[in-house]
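Asks: One structure follows; several queries about it will come next.
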Amino acid sequence: MKLALIQAPLVWEDVPQNTAFFLKQLNQIEPETDLVVLPEMFTSGFTMNPERVFMTMQDKFIEELQSRCKSLDFALTGSIVIKEGEQYYNRLFFIWPTGEFKTYDKRHLFSLAGEEKVYAPGKERLLVHYKGWNICPLVCYDLRFPAFARNVGEVYDLLLYVASWPDQRIYAWDSLLKARAIENMSYVVGVNRCGEDQNDNQYTGHSQVIDYMGQYVIAPQEGITIQYCTLDKAVQDKARNRFAFLKDADHIEVKEKER
């Protein structure tokens, strides 16, 4: 499966400018790309002011993303701010080339920034099936909670994180992505933003792809970039069968917390 990782600066709470930028980037994606990965809250930056930037599930931009996936024949994932009823969500979309999509609401909300005060948490992990791959897409702070990502029963082949992870904790980003790959014997993709936000947080990016043994397929990248790689599921399956580490794992049930 051929991936495209789009690492870009986000204009603070400027939905028209961000959406125009990413639509332009999608038109430049190389042919035969299977999946395009965008950062967390790519239409706004990681804002605690959802009332300024939210979309609804009927928004024209979502229709435009569906249309681009159809016309350019790739799948796409990334998160945006969605309002549903009276609640706001940090919602990840996975859109197939058919235009169909599924969503995942960020489960672990970043209390250091007060995210849990303005957004509602998701409850269930999402697994999507695409071109023979089982993919588990998660969002940013989810990375710090390994039990939620545990690959019990080898249910996924690719673990994916979209993020707005600042430089002051970038070592944790690099380390935790590698840990998730090794402990789950899975390819791991991490796509982060770059640039600066309104809170003076700096982002160099460090978008990357790591294989099932913890080796870089794409080493951490800085600045504005589109990076490509091709992942081989058969090679990963062979390694899993040979080493069988996942078969020795504890079967841990993650129970829902009361909120």
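FYI, nothing fancy with the structure tokens labels: chains A, B, ... in order, residues from 1 per chain, ligands from 1 as they appear.
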Residues within 8 Å of stretch 45-55 of chain A, please, as an MDAnalysis selection string. Count only C-alpha atoms; anything in the same chain fewer than 4 positions from it doesn't count.

Replies: chainID A and resid 10:15 40:41 59 80:83 88 113:115 118 164 197

Asks: Save out the residues we just selected, C-alpha atoms, as a tab-separated table (two decimals), in the first residue's frame.

Replies:
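For reference, part.tsv as written:
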chain	number	residue	atom	x	y	z
A	10	LEU	CA	-1.86	25.26	9.96
A	11	VAL	CA	-3.18	28.81	9.93
A	12	TRP	CA	-4.71	29.42	13.36
A	13	GLU	CA	-8.50	29.07	13.29
A	14	ASP	CA	-8.63	30.04	9.61
A	15	VAL	CA	-10.83	27.33	8.13
A	40	GLU	CA	-5.01	16.49	13.64
A	41	MET	CA	-7.53	19.36	13.30
A	59	ASP	CA	-20.70	20.50	5.59
A	80	ILE	CA	-11.42	18.12	12.09
A	81	VAL	CA	-13.70	19.84	14.61
A	82	ILE	CA	-17.30	18.63	14.31
A	83	LYS	CA	-20.43	19.83	16.10
A	88	TYR	CA	-18.11	19.28	19.83
A	113	ALA	CA	-4.83	22.07	27.32
A	114	GLY	CA	-8.36	21.67	28.71
A	115	GLU	CA	-9.56	19.66	25.71
A	118	VAL	CA	-14.86	21.70	25.39
A	164	SER	CA	-0.62	18.31	16.68
A	197	ASP	CA	0.26	28.23	16.71

Asks: Per DSSP on the backbone, what are the strand (DSSP E) residues of stretch 6-249 of chain A, as a ChimeraX atom specification?

Replies: /A:6-7,35-37,75-84,87-95,101-105,128-130,133-139,158-163,187-192,195-196,202-203,205-210,216-222,225-230

Asks: Would you list the contacts of A:Leu5 as a list in words, taking every protein, DNA or RNA residue within 9 Å and counting only C-alpha atoms, but skipping same-chain residues closer than 5 positions in sequence?

Replies: Leu35, Val36, Val37, Leu38, Pro39, Val189, Gly190, Val191, Ser207, Gln208, Thr225, Ile226, Gln227, Tyr228 and Cys229 of chain A

Asks: Would you mind writing down, as number ranges by chain, each residue of stretch 50-222 of chain A that DSSP on the backbone assigns to alpha helix (DSSP H)?

Replies: A: 60-72, 115-118, 146-149, 170-184

Asks: Convert the current residue selection to file output with N, CA, C and O atoms, as a short mmCIF file (atom, residue, chain, number, x, y, z; two decimals), in the first residue's frame.

Replies:
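In the end it all went to selection-v3.cif:
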data_model
loop_
_atom_site.label_atom_id
_atom_site.label_comp_id
_atom_site.auth_asym_id
_atom_site.auth_seq_id
_atom_site.Cartn_x
_atom_site.Cartn_y
_atom_site.Cartn_z
N LYS A 60 -20.20 21.23 3.33
CA LYS A 60 -19.78 21.09 1.93
C LYS A 60 -18.33 20.62 1.82
O LYS A 60 -17.96 19.95 0.84
N PHE A 61 -17.48 20.98 2.78
CA PHE A 61 -16.08 20.56 2.71
C PHE A 61 -15.94 19.05 2.80
O PHE A 61 -15.09 18.46 2.13
N ILE A 62 -16.76 18.41 3.62
CA ILE A 62 -16.72 16.95 3.70
C ILE A 62 -17.13 16.35 2.37
O ILE A 62 -16.51 15.39 1.89
N GLU A 63 -18.13 16.93 1.74
CA GLU A 63 -18.52 16.48 0.40
C GLU A 63 -17.38 16.67 -0.59
O GLU A 63 -17.16 15.83 -1.48
N GLU A 64 -16.65 17.77 -0.45
CA GLU A 64 -15.53 18.03 -1.35
C GLU A 64 -14.41 17.00 -1.15
O GLU A 64 -13.80 16.53 -2.11
N LEU A 65 -14.14 16.65 0.10
CA LEU A 65 -13.15 15.61 0.36
C LEU A 65 -13.58 14.27 -0.25
O LEU A 65 -12.76 13.55 -0.84
N GLN A 66 -14.86 13.94 -0.11
CA GLN A 66 -15.36 12.72 -0.72
C GLN A 66 -15.17 12.75 -2.23
O GLN A 66 -14.76 11.76 -2.84
N SER A 67 -15.47 13.89 -2.82
CA SER A 67 -15.33 14.04 -4.26
C SER A 67 -13.87 13.88 -4.71
O SER A 67 -13.60 13.22 -5.72
N ARG A 68 -12.94 14.46 -3.96
CA ARG A 68 -11.52 14.33 -4.31
C ARG A 68 -11.05 12.89 -4.19
O ARG A 68 -10.27 12.41 -5.02
N CYS A 69 -11.50 12.20 -3.15
CA CYS A 69 -11.11 10.80 -3.01
C CYS A 69 -11.62 9.96 -4.19
O CYS A 69 -10.92 9.08 -4.68
N LYS A 70 -12.82 10.27 -4.65
CA LYS A 70 -13.37 9.56 -5.81
C LYS A 70 -12.58 9.87 -7.08
O LYS A 70 -12.15 8.97 -7.81
N SER A 71 -12.39 11.15 -7.36
CA SER A 71 -11.77 11.55 -8.62
C SER A 71 -10.29 11.21 -8.68
O SER A 71 -9.75 10.90 -9.75
N LEU A 72 -9.61 11.23 -7.53
CA LEU A 72 -8.17 10.96 -7.50
C LEU A 72 -7.86 9.53 -7.06
O LEU A 72 -6.69 9.13 -7.05
N GLU A 115 -8.76 20.18 26.82
CA GLU A 115 -9.56 19.66 25.71
C GLU A 115 -10.84 19.00 26.20
O GLU A 115 -11.89 19.09 25.55
N GLU A 116 -10.76 18.33 27.37
CA GLU A 116 -11.93 17.62 27.89
C GLU A 116 -13.04 18.56 28.34
O GLU A 116 -14.19 18.14 28.53
N LYS A 117 -12.73 19.84 28.49
CA LYS A 117 -13.73 20.82 28.92
C LYS A 117 -14.60 21.31 27.76
O LYS A 117 -15.70 21.82 28.00
N VAL A 118 -14.12 21.16 26.54
CA VAL A 118 -14.86 21.70 25.39
C VAL A 118 -15.22 20.65 24.34
O VAL A 118 -16.07 20.91 23.48
N PRO A 146 -1.02 2.95 25.80
CA PRO A 146 -0.77 1.75 25.00
C PRO A 146 -1.85 0.69 25.08
O PRO A 146 -2.05 -0.05 24.11
N ALA A 147 -2.57 0.62 26.20
CA ALA A 147 -3.60 -0.41 26.31
C ALA A 147 -4.70 -0.22 25.28
O ALA A 147 -5.25 -1.19 24.75
N PHE A 148 -5.01 1.04 24.97
CA PHE A 148 -6.07 1.33 24.00
C PHE A 148 -5.66 0.90 22.59
O PHE A 148 -6.52 0.57 21.77
N ALA A 149 -4.35 0.90 22.32
CA ALA A 149 -3.86 0.55 20.99
C ALA A 149 -3.41 -0.90 20.89
O ALA A 149 -2.95 -1.33 19.83
N ILE A 170 8.57 16.52 21.65
CA ILE A 170 8.74 15.74 20.42
C ILE A 170 9.53 14.46 20.66
O ILE A 170 9.34 13.46 19.95
N TYR A 171 10.41 14.45 21.68
CA TYR A 171 11.13 13.21 22.00
C TYR A 171 10.15 12.12 22.41
O TYR A 171 10.32 10.94 22.06
N ALA A 172 9.10 12.50 23.15
CA ALA A 172 8.08 11.52 23.55
C ALA A 172 7.34 10.99 22.32
O ALA A 172 7.07 9.79 22.21
N TRP A 173 7.00 11.88 21.39
CA TRP A 173 6.36 11.47 20.13
C TRP A 173 7.19 10.43 19.41
O TRP A 173 6.69 9.35 19.05
N ASP A 174 8.46 10.72 19.20
CA ASP A 174 9.34 9.79 18.49
C ASP A 174 9.44 8.45 19.23
O ASP A 174 9.38 7.38 18.62
N SER A 175 9.60 8.52 20.54
CA SER A 175 9.80 7.31 21.34
C SER A 175 8.55 6.45 21.41
O SER A 175 8.61 5.22 21.29
N LEU A 176 7.41 7.09 21.61
CA LEU A 176 6.17 6.34 21.76
C LEU A 176 5.71 5.71 20.45
O LEU A 176 5.16 4.60 20.45
N LEU A 177 5.92 6.39 19.34
CA LEU A 177 5.58 5.78 18.05
C LEU A 177 6.39 4.51 17.83
O LEU A 177 5.86 3.48 17.39
N LYS A 178 7.68 4.57 18.15
CA LYS A 178 8.52 3.39 17.98
C LYS A 178 8.08 2.28 18.94
O LYS A 178 8.05 1.09 18.56
N ALA A 179 7.73 2.65 20.16
CA ALA A 179 7.26 1.65 21.13
C ALA A 179 5.99 0.96 20.65
O ALA A 179 5.86 -0.27 20.75
N ARG A 180 5.03 1.75 20.12
CA ARG A 180 3.78 1.15 19.64
C ARG A 180 4.05 0.17 18.50
O ARG A 180 3.39 -0.86 18.39
N ALA A 181 5.01 0.49 17.63
CA ALA A 181 5.33 -0.41 16.52
C ALA A 181 5.91 -1.72 17.02
O ALA A 181 5.51 -2.81 16.58
N ILE A 182 6.85 -1.62 17.95
CA ILE A 182 7.53 -2.82 18.44
C ILE A 182 6.59 -3.70 19.24
O ILE A 182 6.52 -4.93 19.03
N GLU A 183 5.82 -3.11 20.16
CA GLU A 183 5.00 -3.93 21.05
C GLU A 183 3.80 -4.55 20.33
O GLU A 183 3.29 -5.59 20.76
N ASN A 184 3.37 -3.94 19.23
CA ASN A 184 2.22 -4.46 18.48
C ASN A 184 2.61 -5.16 17.18
O ASN A 184 1.73 -5.60 16.45
#

Asks: Do you have the atom CA of A:Leu231-atom CA of A:Thr204 distance handy?

Replies: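 So the answer is 24.6 Å.
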
Asks: Hey, what's within 6 Å of A:Gly122 if we count only C-alpha atoms and toss same-chain stuff fewer than 5 positions away? As number ranges by chain, please?

Replies: A: 105-107

Asks: When you look at A:Val128 with a cut-off of 9 Å (counting only C-alpha atoms), what residues show up, excluding the ones that are within fewer than 5 positions of it in the same chain? I need them as an MDAnalysis selection string.

Replies: chainID A and resid 94 102 133:137 156
